[in-house]
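The file upload-v2.txt comes next; it holds compact mmCIF, C-alpha atoms.
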# COMPACT_ATOMS: atom_id res chain seq x y z
CA MET J 1 -102.91 23.18 -164.32
CA ILE J 2 -105.18 21.70 -166.97
CA GLY J 3 -107.85 20.87 -164.45
CA THR J 4 -107.66 24.32 -162.87
CA LYS J 5 -108.03 26.08 -166.20
CA ALA J 6 -110.98 23.93 -167.13
CA VAL J 7 -112.77 24.76 -163.90
CA GLY J 8 -112.08 28.46 -164.31
CA ALA J 9 -113.42 28.40 -167.85
CA THR J 10 -116.67 26.77 -166.83
CA ARG J 11 -117.20 29.32 -164.06
CA SER J 12 -116.45 32.41 -166.17
CA ALA J 13 -118.58 31.36 -169.15
CA PRO J 14 -121.97 31.87 -167.44
CA ALA J 15 -120.81 35.22 -165.96
CA ARG J 16 -119.88 36.71 -169.35
CA GLY J 17 -123.45 36.54 -170.61
CA PRO J 18 -125.05 38.70 -167.85
CA ARG J 19 -122.19 41.23 -168.04
CA LEU J 20 -122.67 41.62 -171.78
CA LEU J 21 -126.42 42.01 -171.27
CA VAL J 22 -125.92 44.76 -168.67
CA THR J 23 -123.60 46.61 -171.06
CA VAL J 24 -125.64 46.25 -174.24
CA LEU J 25 -129.26 46.47 -173.08
CA PRO J 26 -129.24 50.21 -172.08
CA GLY J 27 -127.73 51.05 -175.48
CA LEU J 28 -130.36 48.97 -177.24
CA TRP J 29 -133.05 50.79 -175.24
CA VAL J 30 -131.68 54.18 -176.32
CA LEU J 31 -131.48 53.05 -179.93
CA ALA J 32 -135.08 51.82 -179.89
CA VAL J 33 -136.34 55.10 -178.39
CA LEU J 34 -134.35 57.07 -180.97
CA VAL J 35 -135.77 55.12 -183.91
CA LEU J 36 -139.32 55.45 -182.62
CA GLU J 37 -138.93 59.17 -181.93
CA LEU J 38 -137.73 59.84 -185.49
CA THR J 39 -140.54 57.84 -187.06
CA VAL J 40 -143.66 58.62 -185.02
CA PRO J 41 -145.94 61.59 -185.79
CA PRO J 42 -144.89 65.02 -184.44
CA GLY J 43 -147.52 65.07 -181.72
CA LEU J 44 -146.07 62.05 -179.91
CA ARG J 45 -142.91 62.74 -177.85
CA LEU J 46 -140.87 59.74 -176.68
CA GLU J 47 -137.53 61.32 -175.70
CA PRO J 48 -138.40 61.30 -171.93
CA LEU J 49 -138.05 57.51 -172.15
CA LEU J 50 -134.29 58.02 -172.59
CA ALA J 51 -133.97 58.78 -168.87
CA ALA J 52 -134.71 55.11 -168.19
CA ALA J 53 -131.37 53.99 -169.68
CA PRO J 54 -129.15 54.58 -166.57
CA ALA J 55 -131.91 53.28 -164.29
CA LEU J 56 -132.11 50.13 -166.42
CA ALA J 57 -128.36 49.60 -166.12
CA LEU J 58 -128.58 49.99 -162.34
CA ALA J 59 -131.55 47.63 -162.06
CA LEU J 60 -129.62 44.94 -163.95
CA GLY J 61 -126.83 45.11 -161.39
CA GLY J 62 -124.44 47.17 -163.47
CA GLU J 63 -121.40 48.84 -161.98
CA CYS J 64 -120.96 52.62 -161.85
CA LYS J 65 -119.20 52.78 -165.21
CA ARG J 66 -122.04 50.92 -166.92
CA VAL J 67 -124.59 53.28 -165.36
CA LEU J 68 -122.56 56.24 -166.67
CA LEU J 69 -122.36 54.61 -170.09
CA GLY J 70 -126.16 54.26 -170.19
CA GLY J 71 -126.57 57.94 -169.26
CA ALA J 72 -124.04 59.06 -171.86
CA CYS J 73 -125.85 57.09 -174.57
CA ALA J 74 -129.12 58.77 -173.58
CA LEU J 75 -127.59 62.25 -173.72
CA LEU J 76 -125.98 61.62 -177.09
CA ALA J 77 -129.29 60.42 -178.49
CA LEU J 78 -130.73 63.93 -177.91
CA VAL J 79 -128.50 65.37 -180.64
CA PRO J 80 -130.11 63.57 -183.62
CA MET J 81 -133.52 64.04 -182.06
CA ALA J 82 -133.03 67.82 -181.94
CA ARG J 83 -131.62 68.06 -185.48
CA PHE J 84 -133.61 65.53 -187.45
CA GLY J 85 -136.81 65.24 -185.45
CA PRO J 86 -140.19 66.22 -186.90
CA ARG J 87 -140.32 69.37 -184.70
CA ASP J 88 -138.70 72.78 -184.92
CA PRO J 89 -134.91 72.38 -184.42
CA SER J 90 -134.86 75.39 -182.12
CA SER J 91 -136.97 73.53 -179.54
CA ALA J 92 -134.18 71.46 -177.95
CA PRO J 93 -135.40 68.91 -175.40
CA LEU J 94 -133.84 70.73 -172.44
CA GLY J 95 -136.28 69.14 -169.96
CA THR J 96 -135.35 65.66 -171.12
CA CYS J 97 -131.65 66.48 -170.74
CA CYS J 98 -132.20 67.65 -167.15
CA SER J 99 -134.24 64.54 -166.40
CA ILE J 100 -131.46 62.29 -167.66
CA LEU J 101 -128.87 64.11 -165.54
CA ILE J 102 -131.06 63.90 -162.41
CA VAL J 103 -131.68 60.17 -162.94
CA LEU J 104 -127.98 59.65 -163.55
CA VAL J 105 -127.00 61.35 -160.29
CA ALA J 106 -129.66 59.40 -158.37
CA CYS J 107 -128.45 56.12 -159.89
CA GLY J 108 -124.87 56.96 -158.93
CA LEU J 109 -125.85 57.59 -155.31
CA ALA J 110 -127.96 54.43 -155.22
CA ASN J 111 -125.11 52.41 -156.72
CA ARG J 112 -122.68 53.64 -154.05
CA ARG J 113 -125.10 52.67 -151.32
CA LYS J 114 -125.66 49.27 -152.93
CA GLN J 115 -121.93 48.59 -153.12
CA ARG J 116 -121.53 49.48 -149.45
CA LEU J 117 -124.38 47.16 -148.47
CA VAL J 118 -122.92 44.36 -150.62
CA ARG J 119 -119.54 44.70 -148.88
CA GLU J 120 -121.23 44.56 -145.48
CA LEU J 121 -123.19 41.49 -146.58
CA HIS J 122 -120.02 39.73 -147.71
CA ARG J 123 -118.32 40.49 -144.39
CA THR J 124 -121.33 39.27 -142.41
CA ARG J 125 -121.59 36.12 -144.49
CA SER J 126 -117.89 35.34 -144.08
CA VAL J 127 -118.23 35.68 -140.29
CA ALA J 128 -121.32 33.44 -140.31
CA VAL J 129 -119.57 30.82 -142.44
CA ALA J 130 -116.52 30.85 -140.14
CA ALA J 131 -118.74 30.46 -137.07
CA GLN J 132 -120.71 27.58 -138.61
CA GLN J 133 -117.54 25.82 -139.76
CA THR J 134 -116.15 26.15 -136.25
CA LEU J 135 -119.26 24.45 -134.94
CA LEU J 136 -119.12 21.64 -137.52
CA ARG J 137 -115.39 21.41 -138.11
CA PRO J 138 -114.07 19.83 -141.30
CA LEU J 139 -113.01 16.25 -140.73
CA PRO J 140 -109.30 15.39 -141.01
CA HIS J 141 -108.40 13.48 -144.15
CA ARG J 142 -106.75 10.73 -142.08
CA LEU J 143 -107.30 9.66 -138.51
CA ASP J 144 -105.40 6.70 -137.00
CA GLN J 145 -104.93 5.02 -140.42
CA LEU J 146 -108.54 5.66 -141.38
CA ALA J 147 -109.45 7.85 -144.36
CA LEU J 148 -112.34 10.22 -143.66
CA ALA J 149 -114.55 12.59 -145.62
CA GLY J 150 -117.79 14.30 -144.73
CA GLY J 151 -120.23 16.73 -146.23
CA GLN J 152 -123.53 18.37 -145.45
CA LEU J 153 -126.29 20.16 -147.31
CA SER J 154 -128.53 22.49 -145.35
CA ALA J 155 -132.20 22.98 -146.17
CA SER J 156 -131.85 26.66 -145.16
CA ARG J 157 -130.63 28.91 -147.94
CA ASP J 158 -127.09 30.30 -147.52
CA ALA J 159 -126.50 28.14 -144.42
CA VAL J 160 -123.38 25.98 -144.23
CA VAL J 161 -124.68 23.70 -141.48
CA GLY J 162 -128.11 22.86 -140.17
CA GLY J 163 -129.69 20.28 -137.93
CA ASP J 164 -127.29 17.43 -138.81
CA LEU J 165 -124.06 16.76 -136.96
CA TYR J 166 -121.01 14.52 -137.24
CA GLU J 167 -117.60 14.34 -135.62
CA ALA J 168 -114.68 11.89 -135.34
CA ALA J 169 -112.00 11.68 -132.68
CA ALA J 170 -108.94 9.45 -132.24
CA THR J 171 -108.92 8.25 -128.63
CA PRO J 172 -106.96 5.65 -126.64
CA TYR J 173 -109.98 3.36 -127.03
CA GLY J 174 -110.17 3.61 -130.84
CA VAL J 175 -111.57 6.07 -133.33
CA ARG J 176 -114.96 7.24 -132.10
CA ILE J 177 -117.49 8.72 -134.48
CA VAL J 178 -120.87 10.31 -133.93
CA ILE J 179 -123.48 11.26 -136.49
CA GLY J 180 -126.87 12.63 -135.56
CA ASP J 181 -129.97 14.46 -136.70
CA VAL J 182 -131.70 17.11 -134.58
CA ARG J 183 -135.45 17.45 -134.87
CA GLY J 184 -136.11 20.30 -137.26
CA HIS J 185 -133.61 21.71 -139.72
CA GLY J 186 -131.65 24.78 -140.64
CA LEU J 187 -130.35 27.48 -138.35
CA ALA J 188 -133.03 26.90 -135.70
CA ALA J 189 -131.36 23.62 -134.68
CA LEU J 190 -127.82 24.99 -134.33
CA ASP J 191 -127.88 25.43 -130.55
CA THR J 192 -128.83 21.77 -130.04
CA VAL J 193 -126.12 20.69 -132.50
CA ALA J 194 -123.57 22.76 -130.56
CA ALA J 195 -124.60 21.16 -127.25
CA VAL J 196 -124.36 17.58 -128.54
CA LEU J 197 -121.09 18.09 -130.40
CA GLY J 198 -119.45 19.83 -127.46
CA SER J 199 -120.40 16.98 -125.17
CA PHE J 200 -119.08 14.34 -127.59
CA ARG J 201 -115.74 16.08 -128.08
CA GLU J 202 -115.08 15.85 -124.34
CA ALA J 203 -116.71 12.51 -123.52
CA ALA J 204 -115.03 10.64 -126.40
CA HIS J 205 -111.64 11.14 -124.73
CA ASP J 206 -112.74 10.95 -121.09
CA GLU J 207 -114.93 7.84 -121.04
CA ALA J 208 -113.47 4.35 -121.45
CA GLU J 209 -116.82 2.76 -122.32
CA LEU J 210 -118.87 3.68 -125.37
CA ALA J 211 -122.08 3.47 -123.31
CA ALA J 212 -120.69 6.13 -120.95
CA VAL J 213 -120.15 8.46 -123.91
CA LEU J 214 -123.79 8.02 -124.90
CA ARG J 215 -124.95 8.74 -121.36
CA ARG J 216 -122.92 11.97 -121.35
CA LEU J 217 -124.66 13.00 -124.58
CA GLU J 218 -128.05 12.26 -123.02
CA ARG J 219 -127.31 14.27 -119.88
CA THR J 220 -126.06 17.22 -121.92
CA LEU J 221 -129.14 17.16 -124.14
CA ARG J 222 -131.53 17.01 -121.19
CA ARG J 223 -129.77 19.93 -119.48
CA HIS J 224 -129.90 21.88 -122.74
CA LEU J 225 -133.62 21.20 -123.14
CA ARG J 226 -134.30 22.31 -119.55
CA GLU J 227 -132.50 25.58 -120.23
CA ARG J 228 -134.45 26.03 -123.45
CA THR J 229 -137.70 25.39 -121.61
CA ALA J 230 -136.81 27.99 -118.97
CA ALA J 231 -135.88 30.50 -121.69
CA SER J 232 -139.13 29.91 -123.55
CA ALA J 233 -141.11 30.72 -120.39
CA VAL J 234 -139.62 34.24 -120.12
CA PRO J 235 -141.04 36.68 -122.71
CA GLY J 236 -138.47 38.70 -124.56
CA ARG J 237 -135.57 36.32 -123.99
CA PRO J 238 -133.89 34.48 -126.91
CA GLY J 239 -135.72 31.24 -127.57
CA ALA J 240 -138.97 32.44 -126.06
CA GLY J 241 -141.97 30.70 -127.52
CA HIS J 242 -139.85 27.97 -129.16
CA PRO J 243 -141.45 24.53 -128.66
CA VAL J 244 -139.09 22.15 -126.87
CA ALA J 245 -141.52 19.54 -125.56
CA GLU J 246 -140.88 17.24 -128.52
CA GLU J 247 -137.21 18.04 -129.09
CA PHE J 248 -135.04 14.98 -129.75
CA VAL J 249 -131.85 13.90 -131.51
CA THR J 250 -131.18 10.66 -133.36
CA VAL J 251 -127.63 9.49 -132.75
CA LEU J 252 -125.38 6.75 -134.12
CA LEU J 253 -122.24 6.30 -132.05
CA LEU J 254 -119.41 4.14 -133.45
CA GLU J 255 -116.09 2.93 -132.11
CA VAL J 256 -113.56 1.57 -134.64
CA ARG J 257 -111.07 -0.54 -132.74
CA PRO J 258 -107.50 -1.24 -133.91
CA SER J 259 -108.60 -4.73 -134.94
CA GLY J 260 -111.10 -3.28 -137.43
CA GLU J 261 -114.07 -4.28 -135.29
CA VAL J 262 -116.77 -1.61 -135.25
CA MET J 263 -118.98 -1.33 -132.18
CA ALA J 264 -122.15 0.75 -132.32
CA LEU J 265 -124.83 2.33 -130.16
CA ASN J 266 -127.84 3.46 -132.14
CA CYS J 267 -130.57 5.78 -130.90
CA GLY J 268 -133.14 5.94 -133.69
CA HIS J 269 -130.64 6.65 -136.47
CA PRO J 270 -130.30 4.85 -139.83
CA TRP J 271 -127.69 2.09 -139.83
CA PRO J 272 -124.66 2.68 -142.07
CA PHE J 273 -123.85 1.15 -145.44
CA LEU J 274 -120.87 -1.13 -146.02
CA LEU J 275 -119.16 -0.13 -149.24
CA VAL J 276 -116.64 -2.35 -151.06
CA GLY J 277 -114.85 -1.01 -154.12
CA GLN J 278 -113.91 -3.06 -157.16
CA GLY J 279 -110.81 -5.14 -156.66
CA LEU J 280 -110.57 -4.29 -152.97
CA GLY J 281 -111.46 -7.62 -151.43
CA SER J 282 -109.43 -8.02 -148.24
CA PRO J 283 -108.32 -11.17 -146.46
CA VAL J 284 -110.61 -12.47 -143.79
CA GLY J 285 -111.55 -15.87 -142.39
CA PRO J 286 -109.56 -19.06 -141.78
CA ARG J 287 -106.49 -19.85 -143.84
CA ARG J 288 -106.61 -22.53 -146.52
CA PRO J 289 -103.88 -24.37 -148.46
CA GLY J 290 -102.38 -22.58 -151.43
CA PRO J 291 -102.48 -23.90 -155.00
CA ARG J 292 -100.40 -26.81 -156.33
CA GLY J 293 -99.44 -28.04 -152.89
CA THR J 294 -96.82 -25.36 -152.42
CA GLY J 295 -97.57 -25.07 -148.75
CA ARG J 296 -98.52 -21.41 -149.18
CA ARG J 297 -101.60 -20.44 -147.26
CA VAL J 298 -103.86 -17.69 -148.56
CA LEU J 299 -106.95 -16.01 -147.19
CA PRO J 300 -110.31 -15.81 -148.96
CA HIS J 301 -111.42 -12.40 -150.21
CA ARG J 302 -114.78 -10.74 -150.46
CA PRO J 303 -116.19 -10.66 -154.00
CA SER J 304 -114.50 -7.95 -156.06
CA LEU J 305 -117.68 -6.53 -157.60
CA PRO J 306 -118.64 -3.10 -156.29
CA ARG J 307 -121.53 -3.42 -153.89
CA VAL J 308 -123.35 -1.57 -151.16
CA ARG J 309 -124.89 -3.28 -148.19
CA GLN J 310 -126.86 -1.65 -145.43
CA LEU J 311 -125.97 -3.16 -142.10
CA ALA J 312 -128.64 -4.27 -139.65
CA PRO J 313 -126.77 -5.62 -136.61
CA GLY J 314 -129.65 -5.17 -134.16
CA GLU J 315 -132.48 -3.07 -132.81
CA SER J 316 -131.94 0.59 -132.10
CA MET J 317 -132.92 2.52 -128.99
CA PRO J 318 -135.29 5.51 -129.03
CA PRO J 319 -133.83 8.91 -129.98
CA LEU J 320 -132.21 10.93 -127.24
CA GLY J 321 -134.59 13.30 -125.51
CA LEU J 322 -137.79 11.28 -125.91
CA PHE J 323 -137.26 8.49 -123.37
CA PRO J 324 -134.54 7.66 -120.84
CA LEU J 325 -131.78 5.32 -121.94
CA PRO J 326 -131.82 1.69 -120.75
CA ASP J 327 -129.93 0.97 -117.55
CA LEU J 328 -127.16 -0.93 -119.31
CA PRO J 329 -126.97 0.01 -123.00
CA ALA J 330 -124.69 -2.61 -124.51
CA PRO J 331 -122.80 -1.75 -127.71
CA THR J 332 -123.64 -3.87 -130.74
CA ARG J 333 -120.95 -5.41 -132.93
CA CYS J 334 -121.67 -3.63 -136.18
CA VAL J 335 -119.15 -5.06 -138.64
CA LEU J 336 -115.54 -6.14 -139.08
CA LEU J 337 -114.20 -3.46 -141.39
CA LEU J 338 -111.57 -4.99 -143.68
CA PRO J 339 -108.72 -3.04 -145.24
CA GLY J 340 -109.98 -1.06 -148.23
CA GLU J 341 -113.63 -1.28 -147.19
CA ALA J 342 -115.64 1.74 -146.17
CA LEU J 343 -118.58 2.62 -143.97
CA VAL J 344 -121.03 5.23 -145.20
CA LEU J 345 -122.89 7.05 -142.42
CA TYR J 346 -125.77 9.33 -143.36
CA THR J 347 -128.82 11.14 -142.06
CA ASP J 348 -132.34 10.46 -143.23
CA GLY J 349 -132.46 13.72 -145.18
CA ALA J 350 -130.39 11.97 -147.86
CA GLU J 351 -132.68 9.01 -148.50
CA ASP J 352 -135.93 10.93 -147.84
CA ALA J 353 -135.18 13.64 -150.42
CA ARG J 354 -137.71 13.74 -153.27
CA ASN J 355 -137.73 15.13 -156.77
CA ALA J 356 -140.55 17.06 -158.44
CA ALA J 357 -142.36 13.78 -159.23
CA GLY J 358 -142.28 12.69 -155.58
CA ASP J 359 -139.68 9.93 -156.07
CA PHE J 360 -137.27 9.27 -153.19
CA PHE J 361 -133.54 9.65 -153.75
CA PRO J 362 -131.97 6.22 -154.51
CA LEU J 363 -129.13 6.47 -152.01
CA ALA J 364 -127.98 2.84 -152.34
CA TRP J 365 -127.81 3.17 -156.13
CA ALA J 366 -125.88 6.44 -155.87
CA LEU J 367 -123.36 4.83 -153.51
CA THR J 368 -122.95 1.86 -155.85
CA GLU J 369 -122.30 4.20 -158.77
CA ALA J 370 -119.75 6.07 -156.66
CA ALA J 371 -117.88 2.80 -155.96
CA ARG J 372 -117.51 1.82 -159.61
CA GLY J 373 -114.18 1.51 -161.30
CA GLY J 374 -111.70 1.00 -158.50
CA PRO J 375 -110.90 1.70 -154.84
CA VAL J 376 -113.28 3.61 -152.61
CA HIS J 377 -112.16 7.23 -152.24
CA PRO J 378 -114.14 8.84 -149.38
CA GLN J 379 -114.06 12.40 -150.72
CA ALA J 380 -115.03 11.25 -154.21
CA VAL J 381 -117.96 9.28 -152.79
CA VAL J 382 -119.17 12.32 -150.83
CA ASP J 383 -118.87 14.62 -153.86
CA ARG J 384 -120.63 12.23 -156.24
CA VAL J 385 -123.51 11.50 -153.88
CA ARG J 386 -123.92 15.19 -153.07
CA GLY J 387 -124.01 16.04 -156.79
CA ALA J 388 -126.53 13.27 -157.48
CA LEU J 389 -128.69 14.47 -154.59
CA LEU J 390 -128.73 18.05 -155.87
CA ARG J 391 -129.59 16.88 -159.38
CA HIS J 392 -132.38 14.67 -158.05
CA THR J 393 -134.00 17.43 -155.99
CA GLY J 394 -133.20 20.33 -158.30
CA GLY J 395 -131.28 21.99 -155.46
CA ARG J 396 -134.39 22.24 -153.24
CA LEU J 397 -133.93 20.11 -150.14
CA GLY J 398 -136.79 19.54 -147.73
CA ASP J 399 -134.47 18.52 -144.89
CA ASP J 400 -130.78 18.73 -144.01
CA ALA J 401 -128.62 15.92 -145.33
CA ALA J 402 -125.21 14.75 -144.09
CA LEU J 403 -122.83 12.05 -145.29
CA LEU J 404 -119.68 10.66 -143.69
CA VAL J 405 -117.44 8.06 -145.36
CA LEU J 406 -114.87 6.10 -143.38
CA ARG J 407 -112.34 3.79 -145.13
CA ASN J 408 -110.06 1.34 -143.36
CA ASP J 409 -106.47 1.83 -144.56
CA ARG J 410 -104.90 -0.46 -142.00
CA SER J 411 -102.77 -3.24 -143.46
CA ARG J 412 -104.24 -6.30 -141.76
CA VAL J 413 -107.18 -7.43 -139.65
CA PRO J 414 -107.09 -10.47 -137.32
CA ALA J 415 -108.82 -13.36 -139.05
CA GLN J 416 -110.33 -14.79 -135.89
CA LEU J 417 -112.70 -11.83 -135.61
CA SER J 418 -114.55 -12.70 -138.79
CA VAL J 419 -118.22 -13.54 -138.24
CA PRO J 420 -121.23 -13.09 -140.53
CA VAL J 421 -122.72 -9.60 -140.43
CA PRO J 422 -126.52 -9.17 -140.58
CA LEU J 423 -127.51 -7.14 -143.61
CA ALA J 424 -130.67 -5.21 -144.30
CA SER J 425 -130.18 -4.87 -148.03
CA ASP J 426 -127.69 -5.78 -150.74
CA VAL J 427 -127.23 -3.73 -153.90
CA GLN J 428 -124.81 -5.25 -156.42
CA LEU J 429 -124.02 -4.31 -160.01
CA SER J 430 -122.43 -6.72 -162.44
Turn the structure described in the file into structure tokens.
Amino acid sequence: MIGTKAVGATRSAPARGPRLLVTVLPGLWVLAVLVLELTVPPGLRLEPLLAAAPALALALGGECKRVLLGGACALLALVPMARFGPRDPSSAPLGTCCSILIVLVACGLANRRKQRLVRELHRTRSVAVAAQQTLLRPLPHRLDQLALAGGQLSASRDAVVGGDLYEAAATPYGVRIVIGDVRGHGLAALDTVAAVLGSFREAAHDEAELAAVLRRLERTLRRHLRERTAASAVPGRPGAGHPVAEEFVTVLLLEVRPSGEVMALNCGHPWPFLLVGQGLGSPVGPRRPGPRGTGRRVLPHRPSLPRVRQLAPGESMPPLGLFPLPDLPAPTRCVLLLPGEALVLYTDGAEDARNAAGDFFPLAWALTEAARGGPVHPQAVVDRVRGALLRHTGGRLGDDAALLVLRNDRSRVPAQLSVPVPLASDVQLS
């Protein structure tokens, strides 16, 4: 309850200021006009400016009652002007009164139309959000003893998803995960995202080999591009004139086996990061004698300092859509994921994001900061990195960015599978 109240307080505090401004500013305008009218020479008439009060309330986004309040203040201001003004009291500003009433009626009609359009916009936006979330479904929190969390930021304003994609599925062959990046960004890439995700959701369960899943994705993408090409050749049809000659998708396909071994097929996508939280070293490697000759045998642990390492298990293939796949694409052994350790999958929009000074976003540093202080919590890592990315760019992304965090919560991993993992970089904080 304390946390909920705190969040509600922080959200309502910024909204109180604009509401108070909408309420007070028309009254301040009327007061200023009244003071000037009573002090200027008789030849200068300023009371027609009172008609701007309800229009000012409407322009500031005020509700109907605030517009009426602005009009009432303007009408009441005519009383002291007629009695104490520098002109003859018998010359009441009847024209100004009619002008205020006309503006008030017009503002009321405009406010009703605006409220109707706002309701229609909210309904349309809710439908669009539901459709986009159906396309890129939220990941389950747990999948076959693996903790998952994902998040995406679209470069298109008011869009929930864009040109990045990710999905995870528990299959008889292990947990299979795909993350990809469609050429382009925003809503224009949604149809390609839908084609690739739909193919993965079927192939992940149907195909026994990971290479066969990748081939299904390639065939689906090529068929989709052929249809897009045919549509672009017919004037007036949806997609006409859209360039598809250089359309491609980078894809990283992973298979997490019950042993913790992670196999990968990479088509032009960044390799993931291995993330180890503080105090989460997990047993791996050959057994050694315990202390004091007790006969107990313990397993060595990874260092307990939080660290981030980008994996580099091998060369990647070209992105899908540019060149045909090799005849026999063999999966690469990516890493042995120990209990408590996490893989961080991402798209290049995260590390290529720049701030106003042109500096790239330090993704490895942000992940290391997110792993400080204890175990790796996937949702916390996603939220912290997303917040750091928005602060770095000022909320203005040049490309879509997606992040997926996968933590191994299985109790044990066979020791005989432990082999050194090639690393591209190592970021460690003391």
J:Ile179, J:Leu345, J:Val405, J:Leu165: which is nearest J:Asp383, counting only C-alpha atoms? J:Val405
One decimal, Å: what's the distance from atom CA of J:Gly394 over to atom CA of J:Ala353, could you say?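 Result for atom CA of J:Gly394 versus atom CA of J:Ala353: 10.5 Å, one decimal.
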May I ask for the distance between atom CA of J:Leu101 and atom CA of J:Leu50, given in Å to one decimal place?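 It comes out at 10.8 Å.
Among J:Val30, J:Ala211, J:Gly321, J:Leu135, the residue with the shortest atom-to-atom distance to J:Arg223, counting all atoms listed in the file, is J:Gly321.
The spacing separating atom CA of J:Ile177 from atom CA of J:Leu136 amounts to 13.4 Å.
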Residue nearest J:Val213 among J:Val193, J:Ile102, J:Leu265, J:Ala364 (counting all atoms listed in the file):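 Distance minimum relative to J:Val213 lands on J:Leu265.
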Tell me, as a list in words, which residues lie within 8 Å of J:Leu367, counting all atoms listed in the file; anything in the same chain fewer than 2 positions away does not count. Leu275, Val308, Leu363, Ala364, Trp365, Glu369, Ala370, Ala371, Val381 and Val385 of chain J
Using all atoms listed in the file, pick whichever of J:Leu104, J:Pro378, J:Glu247, J:Thr368 has the shortest atom-to-atom distance to J:Thr229.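 Ranked by minimum distance to J:Thr229, first place goes to J:Glu247.
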Nearest to J:Arg45, chosen from J:Val118, J:Arg386, J:Val33, J:Arg176, with all atoms listed in the file counted in the distances: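 Ranked by minimum distance to J:Arg45, first place goes to J:Val33.
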